[in-house]
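Novice: Let me give you the structure first, and then I'll get to my questions.
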Amino acid sequence: MKNQYYLTTLIIFFLVVFSSSLHAQPFYFSGQVVDGQNQEPLAFATIVFNQNQQWAVMTDIDGNFTYYASQAITTVSSSFIGYTTVTATVTTTQKNIRIEMQPSTEKLQELVIPLSENPAFRIMKKVLENKAKNNPENIPAFEYTSYNKMVMDIKGQNSEDTIKLKELFKGANLFLMESVTERKFLAPDWNEEVVKATRVSGLKNPTFAALATDLQPFSFYHDNIKLFDLYYLNPITKGSLSKYKFVLEDSWSQGSDTIHLISYKPLANKNFEGLQGVLYINTNTYAIQNVIATPFEKAKMDIKIQQQYVFLDNKYWFPQQLNYTVTMLASPSVTQNIVVEGKSYIDGVQFDVPLQKRDFGRISVRMDENASQQDSAFWSRYRISSLNPAEMQTYKLLDSIGHKYKFDQVLHGLDKFSTGKIGFKYFDLDITKMLIYNEFEGFRLGVGAYTNENVFKKLVLGGFVGYGLDDYRWKYGFEGLYKVSAMDDFTIGAKYQNNLVEVGNHRFEYSDRLFGGWRGILAYRMDKIEESSVTANFRMLLYGRWRVSLSNSKITPLYDFDQLAASFSPYTNTQFSVNFRYAYKEKLVNTGKRNVSMGTPYPVVHLSYYRGLDGLLDGSLNYNKFEAAVEQSFFVKNLGKSTYRLEGGYIDSPLPYGLLFTGEGSYDKNLPYLITNTFQTMRPYEFLSDTYVSVFTSHEFGSLLFKSGKFQPQIAIHNNLSWGNLTRSASYSMMPYRQKDQVFIETGLQLGNLISMNYLNIGSLGLGIGVFYRYGPTAYPGLNDNVALKLAFNFSVK
């Protein structure tokens, strides 16, 4: 009996415990919140259960939420700034809900609250105090894996055009791209990202996928948030409290912490590029938990970013979900919008990993060789959710169309076109050789053709021919190039050319000045060269790029000054040269075929050395020639973008006129265009030097100084100066030139975007004017001779 009693008691005890545990099981509830008008998910909406503020969660970037409660859920309330609050009654058996919220039509009256009394102000001060601590890019080291998806579609009213487009695409999106990337980071700014997998609708080998990993900021802690080509002042940066209006909209508990919902927008009459949106501030170190931001002044392409952070390892706040939405008009005459939605989901985060600088290569972003070959099992592991029917239809439809119309070949052709070539089956046409203009030749008509990878994988053979319509001369050349390593930009080549070269032409092999500034169109003083050369290009010293060359040139001057009885004889020059470009922390993206530079925030250094080899291959000159330049552009908070370029050169021996420094003048009444990094009031070839130093500086205020509705001129100030010397001036006494032994100075004011034209609804083409004035010891006596009016062109997304 006693044993039976104990057994009965034990059974009852377990039944009670089991029954209690059943009653203690949490109630699971989930749902999604969407915009009732366009059915788009609403990120970071506040969800309150049973009217209890202690029971609250937020939707994620996809508008989804989940919750575990200790008792049954009877009501669910959803609130979001700008929308009418929705409260729904649910049954005890209901486990999921879809909530549609309608934009609010009520306009709340603006209240002016002194900063000292504004509760949002006090919270934001604590956010600023903890900014450095909460910035994820101040973490010593980390690694993570990211799944990324970008969808392009047309959205708008159900007009006849919309219906036709939907029928044409059979329920598919316009475009779909997925990728899986692995990133490693070492403070302060060592980065490397590998695209492990990529899939693009309509393409089998999408080489551009590596370029699409940086379309949104990684974190919201930079002083300025760059969206497209504009910098926006971050509401959580020093000085923002006097520029932004912050309003505490709501607060609720989350465990032992409190979340403050704060809206922000620029204060009235504050002239700066600002954002508007909401911040969700967690009192745990007063960090950003969620943020929504969009430009306060809309551009041609409207962009919205959403970011969600999570507290990991009880130590760091780190991005978990990143989202951006770009909206642009499909056409001015229709009601549809082209909408691009990108989402990134970060997982597998590891902190304090044992990384060192030597673990990082020169390539910042590269494609894994198997990135486009990953199977469905791989994608299933990394996708946050399965593809929806529209996305599956997108791959099915566009892959079929892409195969039929050979999209991969089209993409390959566009890639070639971006490098100045038009691809054919066995050769590429060099479009840069088809039409050339300068003031000596007028228009040069020609053609350039080179073998492509369908003939030789690594060897390129080809040449060019052209005829000047004003100088009546043929120019031609041919060359061979062997690509040793695409990853290291290592090539060796040999070339012969019968061509023209401008006197005093700067030889910085990797400078984009002539191509970007179009200084070459003003050339009218030329040397004819018949040149043979061998060249090697390669990368070394991590961020260094080199060119080593040996050339032999027969040079014939094509200018004379009869009035001065100056004569210029042909001569032969054998020259050894080394050109070096160093761009510290340059972001290089390898597409699998070539490296693409995305720039660097640090100064870029150019160094060049030339040695004349007297007696080698009939060379008649013996000299050492040095040139150097340093250039950089950077954004200054609240002030705009500053750019500078310092350059100089030195020659140790007398040289023929064409090999000296003739300055960088770009004053031409017939071609009054503003050409950067040149002297706007200096005539071409006005000065002659064997030693020189020049400084070019400019600061672009953009529209920070003046705005009046849509009229927003881009204001910039330029200051340029130069000094030079000609130590053996007697050798050139019969030539028309001046010396810069007294400094040359000019200052200019540029007003850009005075006339703005819409360009394909993605931006604006702007036309402006610059006024430059020359003063100081090298100025002309007459006022008009010291003034230059220049036209300026620009492109902006605004």
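Residue names in the structure tokens use chain letters A, B, ... in the order shown, residue numbers from 1 in each chain, and ligand numbers from 1 in the order shown.
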Each residue of region 579-694 of chain A with at least one atom at most 12 Å from region 189-203 of chain A should appear once, together with its nearest atom pair and the corresponding distance in Å (one decimal); atoms considered: only C-alpha atoms; ordering: chain, then increasing residue number; output as a tab-separated table.
Specialist:
residue	atom	partner	partner_atom	distance
A:Tyr584	CA	A:Trp190	CA	11.1
A:Lys585	CA	A:Trp190	CA	7.9
A:Glu586	CA	A:Trp190	CA	10.7
A:Lys587	CA	A:Asn191	CA	8.9
A:Leu588	CA	A:Glu192	CA	9.9
A:Val589	CA	A:Glu193	CA	9.4
A:Asn590	CA	A:Val194	CA	9.8
A:Thr591	CA	A:Val195	CA	10.0
A:Gly592	CA	A:Val195	CA	10.9
A:Thr600	CA	A:Asp189	CA	11.4
A:Pro601	CA	A:Asp189	CA	11.1
A:Tyr602	CA	A:Asp189	CA	11.7
Novice: Could you check which of A:His222, A:Lys170, A:Arg774, A:Lys357 is closest to Asn138 (chain A), using only C-alpha atoms?
Specialist: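 Among the listed residues, the smallest separation from Asn138 (chain A) belongs to A:His222.
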Novice: Taking only residues of region 50-87 of chain A that have an atom at most 10 Å from an atom of region 28-43 of chain A, what is each one's shortest atom pair and its distance in Å to one decimal, using only C-alpha atoms, in chain and number order, as a Markdown table?
Specialist:
| residue | atom | partner | partner_atom | distance |
| --- | --- | --- | --- | --- |
| A:Met58 | CA | A:Ala43 | CA | 8.0 |
| A:Thr59 | CA | A:Ala43 | CA | 5.6 |
| A:Asp60 | CA | A:Ala43 | CA | 5.3 |
| A:Ile61 | CA | A:Ala43 | CA | 4.4 |
| A:Asp62 | CA | A:Pro41 | CA | 5.6 |
| A:Gly63 | CA | A:Pro41 | CA | 4.6 |
| A:Asn64 | CA | A:Gln32 | CA | 4.3 |
| A:Phe65 | CA | A:Ser30 | CA | 5.5 |
| A:Thr66 | CA | A:Ser30 | CA | 4.2 |
| A:Tyr67 | CA | A:Phe29 | CA | 5.2 |
| A:Tyr68 | CA | A:Tyr28 | CA | 4.6 |
| A:Ala69 | CA | A:Tyr28 | CA | 6.5 |
| A:Ser70 | CA | A:Tyr28 | CA | 9.1 |
| A:Gln71 | CA | A:Tyr28 | CA | 9.6 |
| A:Ala72 | CA | A:Tyr28 | CA | 8.8 |
| A:Ile73 | CA | A:Phe29 | CA | 7.8 |
| A:Val76 | CA | A:Gly31 | CA | 9.9 |
| A:Ser78 | CA | A:Val33 | CA | 7.8 |
| A:Ser79 | CA | A:Val33 | CA | 9.7 |
| A:Phe80 | CA | A:Leu42 | CA | 8.4 |
| A:Tyr83 | CA | A:Asp35 | CA | 8.8 |
Novice: Grab the residues selected above and save them as a CSV table (one decimal), in the first residue's frame with N, CA, C and O atoms.
Specialist:
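This went into result_8.csv:
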chain,number,residue,atom,x,y,z
A,58,MET,N,8.4,45.4,-33.2
A,58,MET,CA,8.5,46.2,-34.5
A,58,MET,C,8.5,45.2,-35.6
A,58,MET,O,9.1,44.1,-35.6
A,59,THR,N,8.0,45.6,-36.8
A,59,THR,CA,8.1,44.9,-38.0
A,59,THR,C,9.5,45.0,-38.5
A,59,THR,O,10.2,46.0,-38.2
A,60,ASP,N,10.0,44.0,-39.2
A,60,ASP,CA,11.3,44.1,-39.8
A,60,ASP,C,11.3,44.8,-41.1
A,60,ASP,O,10.2,45.4,-41.5
A,61,ILE,N,12.4,44.8,-41.9
A,61,ILE,CA,12.4,45.5,-43.1
A,61,ILE,C,11.4,45.0,-44.1
A,61,ILE,O,10.9,45.8,-45.0
A,62,ASP,N,11.0,43.7,-44.0
A,62,ASP,CA,10.0,43.2,-44.9
A,62,ASP,C,8.6,43.3,-44.4
A,62,ASP,O,7.6,42.7,-44.9
A,63,GLY,N,8.4,44.1,-43.3
A,63,GLY,CA,7.1,44.3,-42.7
A,63,GLY,C,6.6,43.2,-41.9
A,63,GLY,O,5.4,43.2,-41.4
A,64,ASN,N,7.4,42.2,-41.6
A,64,ASN,CA,7.0,41.0,-40.9
A,64,ASN,C,7.2,41.2,-39.4
A,64,ASN,O,8.1,41.9,-39.0
A,65,PHE,N,6.5,40.5,-38.5
A,65,PHE,CA,6.7,40.4,-37.1
A,65,PHE,C,6.3,39.1,-36.5
A,65,PHE,O,5.5,38.4,-37.1
A,66,THR,N,6.9,38.7,-35.4
A,66,THR,CA,6.6,37.5,-34.7
A,66,THR,C,6.6,37.9,-33.2
A,66,THR,O,7.3,38.8,-32.8
A,67,TYR,N,5.8,37.1,-32.4
A,67,TYR,CA,5.7,37.4,-31.0
A,67,TYR,C,5.3,36.2,-30.2
A,67,TYR,O,4.5,35.4,-30.7
A,68,TYR,N,6.0,36.0,-29.1
A,68,TYR,CA,5.6,34.9,-28.2
A,68,TYR,C,5.0,35.5,-26.9
A,68,TYR,O,5.7,36.3,-26.2
A,69,ALA,N,3.8,35.2,-26.5
A,69,ALA,CA,3.1,35.8,-25.4
A,69,ALA,C,2.8,34.7,-24.4
A,69,ALA,O,2.6,33.5,-24.7
A,70,SER,N,2.7,35.1,-23.1
A,70,SER,CA,2.4,34.1,-22.0
A,70,SER,C,1.0,33.9,-21.9
A,70,SER,O,0.5,33.0,-21.1
A,71,GLN,N,0.2,34.7,-22.6
A,71,GLN,CA,-1.3,34.5,-22.6
A,71,GLN,C,-1.9,34.8,-23.9
A,71,GLN,O,-1.2,35.3,-24.8
A,72,ALA,N,-3.1,34.4,-24.2
A,72,ALA,CA,-3.7,34.5,-25.5
A,72,ALA,C,-3.7,35.9,-26.0
A,72,ALA,O,-3.9,36.9,-25.2
A,73,ILE,N,-3.5,36.1,-27.3
A,73,ILE,CA,-3.6,37.4,-28.0
A,73,ILE,C,-5.1,37.6,-28.4
A,73,ILE,O,-5.7,36.8,-29.1
A,76,VAL,N,-4.6,43.2,-31.7
A,76,VAL,CA,-3.3,43.6,-32.3
A,76,VAL,C,-3.4,45.0,-32.9
A,76,VAL,O,-4.3,45.3,-33.7
A,78,SER,N,-1.5,48.3,-34.7
A,78,SER,CA,-0.3,48.7,-35.5
A,78,SER,C,-0.3,50.2,-35.7
A,78,SER,O,-1.3,50.8,-36.2
A,79,SER,N,0.8,50.9,-35.5
A,79,SER,CA,0.9,52.3,-35.7
A,79,SER,C,2.2,52.6,-36.4
A,79,SER,O,3.2,51.9,-36.3
A,80,PHE,N,2.2,53.7,-37.2
A,80,PHE,CA,3.3,54.1,-37.9
A,80,PHE,C,3.2,55.6,-38.3
A,80,PHE,O,2.0,56.0,-38.6
A,83,TYR,N,0.5,57.3,-40.8
A,83,TYR,CA,-0.5,56.3,-41.1
A,83,TYR,C,-1.5,56.3,-40.0
A,83,TYR,O,-1.2,56.6,-38.8
Novice: Run DSSP on the backbone and give me the residues of region 437-674 of chain A it puts in helix (DSSP H, G or I), as a list in words.
Specialist: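 Across region 437-674 of chain A, those assigned helix (DSSP H, G or I) are Arg513, Leu514, Phe515, Gly516, Gly517, Arg519, Gly520, Ile521, Leu522, Asp562, Gln563, Leu564, Leu616, Leu617, Asp618, Tyr657, Gly658 and Leu659 of chain A.
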Novice: Under the rule that only C-alpha atoms are counted, which of A:Gln356, A:Asn323, A:Asn638, A:Ser689 is the nearest residue to Leu186 (chain A)?
Specialist: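 Smallest separation from Leu186 (chain A) among the options: A:Gln356.
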Novice: Find the residue from A:Thr283, A:Ser219, A:Asn622, A:Asn761 that sits nearest to Ile338 (chain A); use only C-alpha atoms when measuring.
Specialist: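 Checking each candidate against Ile338 (chain A), we get A:Asn761 as the closest.
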Novice: At a cut-off of 12 Å, using only C-alpha atoms, what residues contact Trp546 (chain A)? Leave out same-chain residues fewer than 4 positions from it and give the result as a list in words.
Specialist: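 My reading of the contact set: Asp488, Asp489, Phe490, Thr491, Ile492, Phe508, Glu509, Tyr510, Thr535, Ala536, Asn537, Phe538, Arg539, Met540, Leu541, Leu542, Ser577, Val578, Asn579, Phe580, Arg581, Tyr582, Ala583, Val605, His606, Leu607, Ser608 and Tyr609 of chain A.
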Novice: Keeping N, CA and C atoms, export the residues of the selection given above as an mmCIF file, in the first residue's frame.
Specialist:
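Saved to selection00.cif:
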data_model
loop_
_atom_site.group_PDB
_atom_site.id
_atom_site.type_symbol
_atom_site.label_atom_id
_atom_site.label_comp_id
_atom_site.auth_asym_id
_atom_site.auth_seq_id
_atom_site.Cartn_x
_atom_site.Cartn_y
_atom_site.Cartn_z
ATOM 1 N N ASP A 488 46.546 41.399 -61.824
ATOM 2 C CA ASP A 488 47.610 42.350 -61.481
ATOM 3 C C ASP A 488 47.798 43.427 -62.541
ATOM 4 N N ASP A 489 46.906 43.483 -63.531
ATOM 5 C CA ASP A 489 47.042 44.451 -64.628
ATOM 6 C C ASP A 489 48.436 44.388 -65.234
ATOM 7 N N PHE A 490 48.958 43.175 -65.390
ATOM 8 C CA PHE A 490 50.322 42.965 -65.874
ATOM 9 C C PHE A 490 50.287 42.674 -67.375
ATOM 10 N N THR A 491 50.818 43.613 -68.141
ATOM 11 C CA THR A 491 50.885 43.453 -69.591
ATOM 12 C C THR A 491 52.259 43.877 -70.084
ATOM 13 N N ILE A 492 52.680 43.288 -71.207
ATOM 14 C CA ILE A 492 53.892 43.720 -71.887
ATOM 15 C C ILE A 492 53.529 43.922 -73.360
ATOM 16 N N PHE A 508 51.993 61.963 -67.398
ATOM 17 C CA PHE A 508 51.480 61.117 -66.327
ATOM 18 C C PHE A 508 50.605 60.036 -66.947
ATOM 19 N N GLU A 509 51.130 58.835 -66.991
ATOM 20 C CA GLU A 509 50.496 57.785 -67.785
ATOM 21 C C GLU A 509 49.121 57.389 -67.252
ATOM 22 N N TYR A 510 48.886 57.566 -65.948
ATOM 23 C CA TYR A 510 47.622 57.109 -65.383
ATOM 24 C C TYR A 510 46.734 58.266 -64.954
ATOM 25 N N THR A 535 56.932 48.346 -73.727
ATOM 26 C CA THR A 535 56.358 48.827 -72.467
ATOM 27 C C THR A 535 55.888 47.653 -71.625
ATOM 28 N N ALA A 536 56.033 47.793 -70.314
ATOM 29 C CA ALA A 536 55.491 46.825 -69.360
ATOM 30 C C ALA A 536 54.639 47.580 -68.340
ATOM 31 N N ASN A 537 53.430 47.109 -68.112
ATOM 32 C CA ASN A 537 52.530 47.663 -67.096
ATOM 33 C C ASN A 537 52.282 46.605 -66.037
ATOM 34 N N PHE A 538 52.265 46.998 -64.781
ATOM 35 C CA PHE A 538 52.010 46.026 -63.713
ATOM 36 C C PHE A 538 51.683 46.764 -62.426
ATOM 37 N N ARG A 539 51.118 46.023 -61.474
ATOM 38 C CA ARG A 539 50.850 46.546 -60.140
ATOM 39 C C ARG A 539 51.850 45.962 -59.153
ATOM 40 N N MET A 540 52.337 46.810 -58.272
ATOM 41 C CA MET A 540 53.280 46.389 -57.249
ATOM 42 C C MET A 540 53.183 47.355 -56.080
ATOM 43 N N LEU A 541 53.554 46.920 -54.875
ATOM 44 C CA LEU A 541 53.425 47.709 -53.645
ATOM 45 C C LEU A 541 51.962 47.918 -53.285
ATOM 46 N N LEU A 542 51.158 46.914 -53.469
ATOM 47 C CA LEU A 542 49.748 46.853 -53.088
ATOM 48 C C LEU A 542 48.890 47.868 -53.818
ATOM 49 N N SER A 577 61.799 55.411 -69.442
ATOM 50 C CA SER A 577 60.889 56.090 -68.525
ATOM 51 C C SER A 577 60.283 55.119 -67.527
ATOM 52 N N VAL A 578 59.999 55.659 -66.347
ATOM 53 C CA VAL A 578 59.282 54.926 -65.298
ATOM 54 C C VAL A 578 58.163 55.833 -64.798
ATOM 55 N N ASN A 579 56.944 55.359 -64.895
ATOM 56 C CA ASN A 579 55.775 56.089 -64.394
ATOM 57 C C ASN A 579 55.151 55.294 -63.266
ATOM 58 N N PHE A 580 54.825 55.993 -62.191
ATOM 59 C CA PHE A 580 54.299 55.336 -60.996
ATOM 60 C C PHE A 580 53.086 56.110 -60.496
ATOM 61 N N ARG A 581 52.016 55.382 -60.229
ATOM 62 C CA ARG A 581 50.805 55.967 -59.645
ATOM 63 C C ARG A 581 50.491 55.205 -58.373
ATOM 64 N N TYR A 582 50.317 55.940 -57.273
ATOM 65 C CA TYR A 582 50.028 55.304 -55.991
ATOM 66 C C TYR A 582 48.732 55.872 -55.442
ATOM 67 N N ALA A 583 47.724 55.011 -55.300
ATOM 68 C CA ALA A 583 46.404 55.411 -54.793
ATOM 69 C C ALA A 583 46.111 54.580 -53.547
ATOM 70 N N VAL A 605 49.015 59.870 -55.856
ATOM 71 C CA VAL A 605 50.343 60.391 -56.175
ATOM 72 C C VAL A 605 50.774 59.879 -57.548
ATOM 73 N N HIS A 606 51.294 60.788 -58.387
ATOM 74 C CA HIS A 606 51.861 60.441 -59.686
ATOM 75 C C HIS A 606 53.333 60.831 -59.683
ATOM 76 N N LEU A 607 54.204 59.916 -60.068
ATOM 77 C CA LEU A 607 55.633 60.188 -60.184
ATOM 78 C C LEU A 607 56.110 59.693 -61.540
ATOM 79 N N SER A 608 56.912 60.500 -62.209
ATOM 80 C CA SER A 608 57.442 60.115 -63.509
ATOM 81 C C SER A 608 58.916 60.490 -63.599
ATOM 82 N N TYR A 609 59.697 59.568 -64.162
ATOM 83 C CA TYR A 609 61.116 59.836 -64.394
ATOM 84 C C TYR A 609 61.442 59.445 -65.827
#
Novice: Skipping near chain neighbours, those fewer than 3 positions away, what residues fall within 7 Å of Gly480 (chain A) using only C-alpha atoms, listed as a list of chain:residue names?
Specialist: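 Counting only the stated atoms, we get A:Val460, A:Leu461, A:Gly462, A:Gly493, A:Ala494, A:Lys495.
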Novice: Next, dump the selected residues to file, keeping only N, CA, C and O atoms, as a PDB file, in the first residue's frame.
Specialist:
ATOM      1  N   VAL A 460      46.926  40.462 -77.934  1.00  0.00           N
ATOM      2  CA  VAL A 460      46.148  41.421 -78.713  1.00  0.00           C
ATOM      3  C   VAL A 460      47.064  42.013 -79.783  1.00  0.00           C
ATOM      4  O   VAL A 460      48.158  42.505 -79.483  1.00  0.00           O
ATOM      5  N   LEU A 461      46.603  41.960 -81.042  1.00  0.00           N
ATOM      6  CA  LEU A 461      47.342  42.542 -82.160  1.00  0.00           C
ATOM      7  C   LEU A 461      46.419  43.517 -82.884  1.00  0.00           C
ATOM      8  O   LEU A 461      45.225  43.250 -83.049  1.00  0.00           O
ATOM      9  N   GLY A 462      46.978  44.647 -83.311  1.00  0.00           N
ATOM     10  CA  GLY A 462      46.130  45.594 -84.026  1.00  0.00           C
ATOM     11  C   GLY A 462      46.856  46.875 -84.341  1.00  0.00           C
ATOM     12  O   GLY A 462      48.074  46.998 -84.177  1.00  0.00           O
ATOM     13  N   GLY A 493      54.132  44.940 -73.980  1.00  0.00           N
ATOM     14  CA  GLY A 493      53.742  45.231 -75.346  1.00  0.00           C
ATOM     15  C   GLY A 493      54.824  45.958 -76.114  1.00  0.00           C
ATOM     16  O   GLY A 493      55.784  46.500 -75.551  1.00  0.00           O
ATOM     17  N   ALA A 494      54.655  45.963 -77.423  1.00  0.00           N
ATOM     18  CA  ALA A 494      55.545  46.676 -78.333  1.00  0.00           C
ATOM     19  C   ALA A 494      54.678  47.456 -79.311  1.00  0.00           C
ATOM     20  O   ALA A 494      53.602  46.994 -79.710  1.00  0.00           O
ATOM     21  N   LYS A 495      55.150  48.662 -79.708  1.00  0.00           N
ATOM     22  CA  LYS A 495      54.326  49.531 -80.536  1.00  0.00           C
ATOM     23  C   LYS A 495      55.189  50.335 -81.499  1.00  0.00           C
ATOM     24  O   LYS A 495      56.310  50.732 -81.181  1.00  0.00           O
TER      25      LYS A 495
END
Novice: When distances are computed from only C-alpha atoms, which of A:Val339, A:Ile762, A:Leu500, A:Leu233 shows the smallest separation from Phe175 (chain A)?
Specialist: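 Answer, going by the shortest atom-to-atom distance: A:Val339.
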Novice: Select, from A:Ser666, A:Thr327, A:Asn454, A:Asn290, the residue with the minimum atom-to-atom distance to Tyr309 (chain A), counting only C-alpha atoms.
Specialist: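 The answer is A:Asn290, which sits nearest to Tyr309 (chain A).
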Novice: List as number ranges by chain the protein and nucleic acid residues near region 379-394 of chain A, meaning an atom at most 9 Å away when only C-alpha atoms are counted, but skip any in the same chain fewer than 3 places from it.
Specialist: A: 146-148, 151, 169-176, 180, 197, 201-202, 345, 374-376, 397-399
Novice: Any idea what the distance is between CA of Ile431 (chain A) and CA of Gly466 (chain A)?
Specialist: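 Going from CA of Ile431 (chain A) over to CA of Gly466 (chain A), I get 12.0 Å.
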Novice: Between CA of Gly402 (chain A) and CA of Asp153 (chain A), measure the distance and give it in Å to one decimal.
Specialist: 17.3 Å
Novice: Please identify all polymer residues within 9 Å of Ala56 (chain A), counting only C-alpha atoms, omitting same-chain residues fewer than 6 positions from it, and present them as a compact mmCIF listing (two decimals) with N, CA, C and O atoms, in the first residue's frame.
Specialist:
# COMPACT_ATOMS: atom_id res chain seq x y z
N THR A 46 5.11 49.84 -35.40
CA THR A 46 5.01 49.41 -34.00
C THR A 46 3.77 48.53 -33.82
O THR A 46 2.67 48.94 -34.18
N ILE A 47 3.97 47.34 -33.27
CA ILE A 47 2.88 46.39 -33.04
C ILE A 47 2.70 46.22 -31.53
O ILE A 47 3.64 45.87 -30.81
N VAL A 48 1.49 46.50 -31.03
CA VAL A 48 1.16 46.37 -29.60
C VAL A 48 0.06 45.32 -29.45
O VAL A 48 -0.95 45.37 -30.16
N PHE A 49 0.26 44.39 -28.51
CA PHE A 49 -0.69 43.30 -28.29
C PHE A 49 -1.50 43.56 -27.03
O PHE A 49 -0.97 43.99 -26.00
N TYR A 67 5.81 37.14 -32.40
CA TYR A 67 5.75 37.44 -30.97
C TYR A 67 5.34 36.18 -30.22
O TYR A 67 4.50 35.40 -30.68
N TRP A 252 8.37 52.94 -25.98
CA TRP A 252 7.82 51.71 -25.41
C TRP A 252 8.97 50.84 -24.91
O TRP A 252 10.13 51.01 -25.29
N SER A 253 8.61 49.92 -24.05
CA SER A 253 9.62 49.04 -23.44
C SER A 253 9.92 47.86 -24.34
O SER A 253 9.04 47.35 -25.04
N GLN A 254 11.17 47.43 -24.29
CA GLN A 254 11.59 46.19 -24.96
C GLN A 254 12.54 45.49 -24.00
O GLN A 254 13.72 45.79 -23.95
Novice: Taking into account only C-alpha atoms, which residue in the set A:Glu167, A:Glu297, A:Asp527, A:Glu700 is nearest to Leu749 (chain A)?
Specialist: A:Glu700
Novice: So how far away is CA of Met682 (chain A) from CA of Gly665 (chain A), in Å?
Specialist: 4.4 Å
Novice: Skip region 442-447 of chain A itself and residues of its chain fewer than 4 positions away, then list as a PyMOL selection string all residues within 8 Å of it, counting only C-alpha atoms.
Specialist: chain A and resi 429-431+433-438+464-471
Novice: Could you write out, as a VMD selection string, all the residues of region 121-244 of chain A that DSSP marks as strand (DSSP E or B)?
Specialist: chain A and resid 141 to 155 175 to 186 190 to 200 203 224 to 227 230 to 233 244
